[in-house]
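With JSON, C-alpha atoms inside, this is protein_37.json:
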[["chain", "number", "residue", "atom", "x", "y", "z"],
["J", 3, "MET", "CA", -5.55, 29.98, -5.80],
["J", 4, "ASN", "CA", -2.91, 27.39, -6.63],
["J", 5, "ARG", "CA", -3.54, 24.06, -4.92],
["J", 6, "ILE", "CA", -1.49, 20.92, -4.69],
["J", 7, "SER", "CA", -4.16, 18.32, -3.93],
["J", 8, "PRO", "CA", -5.03, 16.01, -6.85],
["J", 9, "TYR", "CA", -8.53, 15.55, -5.45],
["J", 10, "GLU", "CA", -11.52, 17.70, -6.32],
["J", 11, "ARG", "CA", -12.89, 19.86, -3.54],
["J", 12, "ARG", "CA", -16.41, 19.87, -2.16],
["J", 13, "HIS", "CA", -17.69, 22.61, -4.48],
["J", 14, "GLU", "CA", -16.13, 21.04, -7.59],
["J", 15, "PRO", "CA", -17.96, 18.43, -9.70],
["J", 16, "LEU", "CA", -17.18, 14.73, -9.40],
["J", 17, "LEU", "CA", -14.30, 13.50, -11.50],
["J", 18, "SER", "CA", -15.40, 11.65, -14.65],
["J", 19, "ARG", "CA", -15.49, 7.86, -14.54],
["J", 20, "ARG", "CA", -12.49, 7.71, -16.86],
["J", 21, "GLY", "CA", -10.55, 10.15, -14.68],
["J", 22, "PHE", "CA", -11.50, 8.21, -11.58],
["J", 23, "MET", "CA", -10.27, 4.94, -13.11],
["J", 24, "ALA", "CA", -6.97, 6.64, -14.02],
["J", 25, "ARG", "CA", -6.67, 7.92, -10.43],
["J", 26, "LEU", "CA", -7.42, 4.45, -9.08],
["J", 27, "MET", "CA", -4.77, 2.96, -11.39],
["J", 28, "ARG", "CA", -2.16, 5.49, -10.21],
["J", 29, "HIS", "CA", -2.89, 4.61, -6.60],
["J", 30, "ALA", "CA", -2.66, 0.88, -7.38],
["J", 31, "LEU", "CA", 0.70, 1.47, -9.09],
["J", 32, "VAL", "CA", 1.99, 3.34, -6.03],
["J", 33, "ALA", "CA", 0.87, 0.47, -3.78],
["J", 34, "GLY", "CA", 2.43, -2.06, -6.16],
["J", 35, "GLY", "CA", 5.69, -0.13, -6.13],
["J", 36, "LEU", "CA", 5.70, -0.07, -2.35],
["J", 37, "ILE", "CA", 5.09, -3.81, -2.26],
["J", 38, "ALA", "CA", 7.84, -4.48, -4.82],
["J", 39, "ALA", "CA", 10.34, -2.33, -2.91],
["J", 40, "SER", "CA", 9.40, -4.03, 0.37],
["J", 41, "LEU", "CA", 9.78, -7.43, -1.22],
["J", 42, "GLY", "CA", 13.21, -6.40, -2.48],
["J", 43, "VAL", "CA", 14.30, -5.26, 0.99],
["J", 44, "GLY", "CA", 13.07, -8.51, 2.51],
["J", 45, "THR", "CA", 14.72, -10.69, -0.11],
["J", 46, "ILE", "CA", 18.08, -8.95, 0.27],
["J", 47, "GLY", "CA", 17.81, -9.06, 4.07],
["J", 48, "TYR", "CA", 17.02, -12.75, 4.19],
["J", 49, "ARG", "CA", 19.78, -13.44, 1.66],
["J", 50, "THR", "CA", 22.51, -11.49, 3.44],
["J", 51, "LEU", "CA", 21.54, -11.88, 7.11],
["J", 52, "GLY", "CA", 19.68, -15.18, 6.97],
["J", 53, "GLY", "CA", 22.12, -16.87, 4.62],
["J", 54, "LEU", "CA", 19.30, -18.19, 2.41],
["J", 55, "GLU", "CA", 19.54, -18.84, -1.31],
["J", 56, "TRP", "CA", 17.88, -16.17, -3.48],
["J", 57, "VAL", "CA", 14.74, -18.18, -4.18],
["J", 58, "ASP", "CA", 14.38, -19.12, -0.50],
["J", 59, "ALA", "CA", 14.97, -15.52, 0.57],
["J", 60, "PHE", "CA", 12.31, -14.39, -1.91],
["J", 61, "GLU", "CA", 9.91, -17.04, -0.62],
["J", 62, "ASN", "CA", 10.45, -16.03, 3.02],
["J", 63, "ALA", "CA", 10.03, -12.32, 2.22],
["J", 64, "SER", "CA", 6.87, -13.05, 0.22],
["J", 65, "MET", "CA", 5.36, -15.15, 2.97],
["J", 66, "ILE", "CA", 6.08, -12.56, 5.66],
["J", 67, "LEU", "CA", 4.85, -9.68, 3.48],
["J", 68, "THR", "CA", 1.54, -11.44, 2.83],
["J", 69, "GLY", "CA", 1.07, -12.33, 6.49],
["J", 70, "MET", "CA", 1.47, -16.08, 6.03],
["J", 71, "GLY", "CA", 4.54, -16.39, 8.27],
["J", 72, "PRO", "CA", 8.14, -17.49, 7.86],
["J", 73, "VAL", "CA", 9.17, -20.61, 5.98],
["J", 74, "SER", "CA", 12.84, -21.00, 6.88],
["J", 75, "PRO", "CA", 14.12, -20.77, 10.46],
["J", 76, "MET", "CA", 16.60, -17.99, 11.21],
["J", 77, "LEU", "CA", 19.67, -19.21, 13.07],
["J", 78, "SER", "CA", 21.75, -16.11, 13.84],
["J", 79, "VAL", "CA", 20.81, -13.26, 16.15],
["J", 80, "ALA", "CA", 21.13, -10.75, 13.29],
["J", 81, "ALA", "CA", 18.81, -12.82, 11.11],
["J", 82, "LYS", "CA", 16.24, -13.13, 13.91],
["J", 83, "LEU", "CA", 16.33, -9.38, 14.56],
["J", 84, "PHE", "CA", 15.95, -8.67, 10.84],
["J", 85, "ALA", "CA", 13.03, -11.13, 10.57],
["J", 86, "SER", "CA", 11.30, -9.48, 13.53],
["J", 87, "GLY", "CA", 11.79, -5.98, 12.14],
["J", 88, "TYR", "CA", 10.73, -7.04, 8.66],
["J", 89, "ALA", "CA", 7.56, -8.64, 10.04],
["J", 90, "LEU", "CA", 6.62, -5.39, 11.83],
["J", 91, "PHE", "CA", 7.52, -3.37, 8.74],
["J", 92, "SER", "CA", 5.38, -5.69, 6.58],
["J", 93, "GLY", "CA", 2.33, -5.06, 8.76],
["J", 94, "ILE", "CA", 2.75, -1.31, 8.30],
["J", 95, "VAL", "CA", 3.22, -1.74, 4.54],
["J", 96, "PHE", "CA", 0.00, -3.75, 4.36],
["J", 97, "VAL", "CA", -2.04, -1.10, 6.18],
["J", 98, "THR", "CA", -0.47, 1.66, 4.09],
["J", 99, "CYS", "CA", -1.21, -0.12, 0.80],
["J", 100, "VAL", "CA", -4.82, -0.73, 1.80],
["J", 101, "GLY", "CA", -5.16, 2.98, 2.59],
["J", 102, "VAL", "CA", -3.53, 4.05, -0.67],
["J", 103, "VAL", "CA", -5.76, 1.78, -2.76],
["J", 104, "LEU", "CA", -9.00, 2.62, -0.93],
["J", 105, "ALA", "CA", -8.42, 6.40, -0.72],
["J", 106, "PRO", "CA", -9.79, 7.28, -4.18],
["J", 107, "THR", "CA", -12.96, 5.22, -3.68],
["J", 108, "VAL", "CA", -13.62, 6.57, -0.20],
["J", 109, "HIS", "CA", -13.02, 10.12, -1.43],
["J", 110, "ARG", "CA", -15.41, 9.61, -4.35],
["J", 111, "LEU", "CA", -18.14, 8.23, -2.09],
["J", 112, "LEU", "CA", -17.79, 11.06, 0.40],
["J", 113, "HIS", "CA", -17.66, 13.63, -2.39],
["J", 114, "HIS", "CA", -20.75, 12.12, -4.03],
["J", 115, "PHE", "CA", -22.78, 12.25, -0.82],
["J", 116, "HIS", "CA", -21.59, 15.76, -0.08],
["J", 117, "PHE", "CA", -22.79, 16.79, -3.52],
["J", 118, "GLU", "CA", -26.23, 15.28, -2.90],
["J", 119, "GLU", "CA", -26.42, 17.04, 0.46],
["J", 120, "ASP", "CA", -25.49, 20.38, -1.14],
["J", 121, "ASP", "CA", -28.09, 19.85, -3.89],
["J", 122, "GLU", "CA", -30.83, 19.24, -1.30],
["J", 123, "ARG", "CA", -29.91, 22.41, 0.58],
["J", 124, "ASN", "CA", -29.88, 24.55, -2.57],
["J", 125, "GLY", "CA", -32.92, 22.95, -4.19]]

Would you kindly transcribe this structure into structure tokens?
Amino acid sequence: MNRISPYERRHEPLLSRRGFMARLMRHALVAGGLIAASLGVGTIGYRTLGGLEWVDAFENASMILTGMGPVSPMLSVAAKLFASGYALFSGIVFVTCVGVVLAPTVHRLLHHFHFEEDDERNG
């Protein structure tokens, strides 16, 4: 049977430590790419709609994305609407990145305990 999932199934052995580290690195790169893209969207939005200089737009986007809060006040309605939407978007990005980074470890733990349970039943 041809399967798409990159994860081993319950009846398959645990991935080697080296393979697991490679999987973890791939997930971290995906999360990093999502963060970089989100930071780019925020920087461009604050630059164009907020009228901030590039470094100030980058600072505002970084602070919102990390949950610290805005630095520069937004004066126009468009800028305020963008800042509100970007803040909500940033919260979703944070939760998504945490899930992406933790998924391999949680899968490995669950797979490991499933293996022990199967060994006890068969032994």

Practice problem: Identify, on the basis of all atoms listed in the file, every residue whose closest approach to Tyr88 (chain J) does not exceed 9 Å; exclude the query and any residue fewer than 3 positions from it along the same chain; express the result as a list in words. | Solution: Ser40, Val43, Gly44, Gly47, Ala63, Ile66, Leu67, Leu83, Phe84, Ala85, Phe91, Ser92 and Gly93 of chain J

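Distances to Thr68 (chain J) were evaluated for J:Pro15, J:Trp56, J:Leu90, J:Phe115 using all atoms listed in the file, and the minimum falls at J:Leu90.
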
Any idea what's packed within 10 Å of region 74-82 of chain J, counting only C-alpha atoms, ignoring anything in its chain fewer than 2 positions away? Could you give it as an mmCIF file with C-alpha atoms, keeping the file's coordinate frame?
data_model
loop_
_atom_site.group_PDB
_atom_site.id
_atom_site.type_symbol
_atom_site.label_atom_id
_atom_site.label_comp_id
_atom_site.auth_asym_id
_atom_site.auth_seq_id
_atom_site.Cartn_x
_atom_site.Cartn_y
_atom_site.Cartn_z
ATOM 1 C CA GLY J 47 17.810 -9.060 4.070
ATOM 2 C CA TYR J 48 17.020 -12.750 4.190
ATOM 3 C CA ARG J 49 19.780 -13.440 1.660
ATOM 4 C CA THR J 50 22.510 -11.490 3.440
ATOM 5 C CA LEU J 51 21.540 -11.880 7.110
ATOM 6 C CA GLY J 52 19.680 -15.180 6.970
ATOM 7 C CA GLY J 53 22.120 -16.870 4.620
ATOM 8 C CA LEU J 54 19.300 -18.190 2.410
ATOM 9 C CA ASP J 58 14.380 -19.120 -0.500
ATOM 10 C CA ALA J 59 14.970 -15.520 0.570
ATOM 11 C CA GLU J 61 9.910 -17.040 -0.620
ATOM 12 C CA ASN J 62 10.450 -16.030 3.020
ATOM 13 C CA GLY J 71 4.540 -16.390 8.270
ATOM 14 C CA PRO J 72 8.140 -17.490 7.860
ATOM 15 C CA PHE J 84 15.950 -8.670 10.840
ATOM 16 C CA ALA J 85 13.030 -11.130 10.570
ATOM 17 C CA SER J 86 11.300 -9.480 13.530
ATOM 18 C CA GLY J 87 11.790 -5.980 12.140
ATOM 19 C CA TYR J 88 10.730 -7.040 8.660
#

Practice problem: Find the residues near His114 (chain J): any atom within 10 Å, counting all atoms listed in the file, skip ones fewer than 6 places away on the same chain, and give them as a list of chain:residue names. | Solution: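 Listed by chain and then number, they are J:Arg12, J:Pro15, J:Leu16, J:Leu17, J:Val108, J:Asp120.
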
Quiz item: What is the distance, in Å and to one decimal place, between CA of Ala24 (chain J) and CA of His113 (chain J)?
Solution: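 Interatomic distance here is 17.3 Å.
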
Practice problem: Figure out the distance between CA of Phe96 (chain J) and CA of His109 (chain J), please, to one decimal in Å. | Solution: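 Computing it gives 19.9 Å between the two atoms.
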
Quiz item: J:Val95, J:Thr107, J:Val73, J:His13: which is nearest Ala39 (chain J), counting all atoms listed in the file?
Solution: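 Distance minimum relative to Ala39 (chain J) lands on J:Val95.
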
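Atom to atom, CA of Cys99 (chain J) and CA of Leu26 (chain J) stand 12.5 Å apart.
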
Quiz item: Quick one: of J:Phe22, J:Glu14, J:Glu55, J:Ala89, who's nearest to Ala105 (chain J), counting all atoms listed in the file?
Solution: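 For Ala105 (chain J), the nearest of the candidates is J:Phe22.
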
Exercise. For each of J:Ile46, J:Gly101, J:Arg110, J:Phe60, take the minimum atom-to-atom distance to Gly21 (chain J), counting all atoms listed in the file, then give the residue where this is smallest.
Key: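 For Gly21 (chain J), the nearest of the candidates is J:Arg110.
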
Quiz item: Do you know which residues lie at most 12 Å from (-5.7, -1.7, -8.5), with coordinates as in the file and only C-alpha atoms counted, and could you write them as a ChimeraX atom specification?
Solution: /J:22-35,99-100,102-107

For region 53-84 of chain J, where the input has fewer atoms than it should, I would like N, CA and C atoms rebuilt and written as an mmCIF file, in the coordinates of the input.
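After the write, rebuild.cif holds the following:
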data_model
loop_
_atom_site.group_PDB
_atom_site.id
_atom_site.type_symbol
_atom_site.label_atom_id
_atom_site.label_comp_id
_atom_site.auth_asym_id
_atom_site.auth_seq_id
_atom_site.Cartn_x
_atom_site.Cartn_y
_atom_site.Cartn_z
ATOM 1 N N GLY J 53 21.312 -15.884 5.328
ATOM 2 C CA GLY J 53 22.120 -16.870 4.620
ATOM 3 C C GLY J 53 21.324 -17.788 3.715
ATOM 4 N N LEU J 54 20.141 -17.355 3.286
ATOM 5 C CA LEU J 54 19.300 -18.190 2.410
ATOM 6 C C LEU J 54 19.680 -17.990 0.953
ATOM 7 N N GLU J 55 19.389 -18.984 0.146
ATOM 8 C CA GLU J 55 19.540 -18.840 -1.310
ATOM 9 C C GLU J 55 18.520 -17.811 -1.783
ATOM 10 N N TRP J 56 18.750 -17.246 -2.979
ATOM 11 C CA TRP J 56 17.880 -16.170 -3.480
ATOM 12 C C TRP J 56 16.416 -16.579 -3.526
ATOM 13 N N VAL J 57 16.142 -17.758 -4.046
ATOM 14 C CA VAL J 57 14.740 -18.180 -4.180
ATOM 15 C C VAL J 57 14.114 -18.401 -2.798
ATOM 16 N N ASP J 58 14.890 -18.924 -1.857
ATOM 17 C CA ASP J 58 14.380 -19.120 -0.500
ATOM 18 C C ASP J 58 14.185 -17.790 0.215
ATOM 19 N N ALA J 59 15.096 -16.855 -0.016
ATOM 20 C CA ALA J 59 14.970 -15.520 0.570
ATOM 21 C C ALA J 59 13.720 -14.825 0.022
ATOM 22 N N PHE J 60 13.498 -14.959 -1.283
ATOM 23 C CA PHE J 60 12.310 -14.390 -1.910
ATOM 24 C C PHE J 60 11.037 -15.024 -1.338
ATOM 25 N N GLU J 61 11.062 -16.344 -1.166
ATOM 26 C CA GLU J 61 9.910 -17.040 -0.620
ATOM 27 C C GLU J 61 9.617 -16.569 0.813
ATOM 28 N N ASN J 62 10.646 -16.480 1.639
ATOM 29 C CA ASN J 62 10.450 -16.030 3.020
ATOM 30 C C ASN J 62 9.900 -14.606 3.053
ATOM 31 N N ALA J 63 10.493 -13.713 2.250
ATOM 32 C CA ALA J 63 10.030 -12.320 2.220
ATOM 33 C C ALA J 63 8.578 -12.247 1.743
ATOM 34 N N SER J 64 8.239 -13.034 0.738
ATOM 35 C CA SER J 64 6.870 -13.050 0.220
ATOM 36 C C SER J 64 5.885 -13.537 1.273
ATOM 37 N N MET J 65 6.261 -14.575 1.964
ATOM 38 C CA MET J 65 5.360 -15.150 2.970
ATOM 39 C C MET J 65 5.163 -14.197 4.142
ATOM 40 N N ILE J 66 6.213 -13.527 4.564
ATOM 41 C CA ILE J 66 6.080 -12.560 5.660
ATOM 42 C C ILE J 66 5.251 -11.368 5.192
ATOM 43 N N LEU J 67 5.539 -10.865 3.994
ATOM 44 C CA LEU J 67 4.850 -9.680 3.480
ATOM 45 C C LEU J 67 3.351 -9.926 3.308
ATOM 46 N N THR J 68 2.964 -11.137 3.000
ATOM 47 C CA THR J 68 1.540 -11.440 2.830
ATOM 48 C C THR J 68 0.877 -11.883 4.124
ATOM 49 N N GLY J 69 1.641 -11.972 5.200
ATOM 50 C CA GLY J 69 1.070 -12.330 6.490
ATOM 51 C C GLY J 69 0.965 -13.826 6.729
ATOM 52 N N MET J 70 1.571 -14.627 5.892
ATOM 53 C CA MET J 70 1.470 -16.080 6.030
ATOM 54 C C MET J 70 2.442 -16.621 7.086
ATOM 55 N N GLY J 71 3.552 -15.945 7.285
ATOM 56 C CA GLY J 71 4.540 -16.390 8.270
ATOM 57 C C GLY J 71 5.790 -16.909 7.614
ATOM 58 N N PRO J 72 6.848 -17.074 8.406
ATOM 59 C CA PRO J 72 8.140 -17.490 7.860
ATOM 60 C C PRO J 72 8.133 -18.950 7.412
ATOM 61 N N VAL J 73 9.030 -19.249 6.489
ATOM 62 C CA VAL J 73 9.170 -20.610 5.980
ATOM 63 C C VAL J 73 10.444 -21.233 6.543
ATOM 64 N N SER J 74 11.543 -20.497 6.440
ATOM 65 C CA SER J 74 12.840 -21.000 6.880
ATOM 66 C C SER J 74 13.192 -20.437 8.254
ATOM 67 N N PRO J 75 13.721 -21.265 9.143
ATOM 68 C CA PRO J 75 14.120 -20.770 10.460
ATOM 69 C C PRO J 75 15.376 -19.893 10.350
ATOM 70 N N MET J 76 15.433 -18.856 11.151
ATOM 71 C CA MET J 76 16.600 -17.990 11.210
ATOM 72 C C MET J 76 17.486 -18.472 12.351
ATOM 73 N N LEU J 77 18.779 -18.611 12.078
ATOM 74 C CA LEU J 77 19.670 -19.210 13.070
ATOM 75 C C LEU J 77 20.507 -18.180 13.827
ATOM 76 N N SER J 78 20.912 -17.106 13.165
ATOM 77 C CA SER J 78 21.750 -16.110 13.840
ATOM 78 C C SER J 78 20.896 -15.043 14.511
ATOM 79 N N VAL J 79 21.511 -14.340 15.459
ATOM 80 C CA VAL J 79 20.810 -13.260 16.150
ATOM 81 C C VAL J 79 20.453 -12.154 15.164
ATOM 82 N N ALA J 80 21.393 -11.805 14.282
ATOM 83 C CA ALA J 80 21.130 -10.750 13.290
ATOM 84 C C ALA J 80 19.953 -11.115 12.399
ATOM 85 N N ALA J 81 19.901 -12.370 11.981
ATOM 86 C CA ALA J 81 18.810 -12.820 11.110
ATOM 87 C C ALA J 81 17.472 -12.779 11.854
ATOM 88 N N LYS J 82 17.472 -13.159 13.114
ATOM 89 C CA LYS J 82 16.240 -13.130 13.910
ATOM 90 C C LYS J 82 15.761 -11.696 14.133
ATOM 91 N N LEU J 83 16.700 -10.793 14.389
ATOM 92 C CA LEU J 83 16.330 -9.380 14.560
ATOM 93 C C LEU J 83 15.805 -8.798 13.260
ATOM 94 N N PHE J 84 16.443 -9.141 12.141
ATOM 95 C CA PHE J 84 15.950 -8.670 10.840
ATOM 96 C C PHE J 84 14.540 -9.214 10.586
#
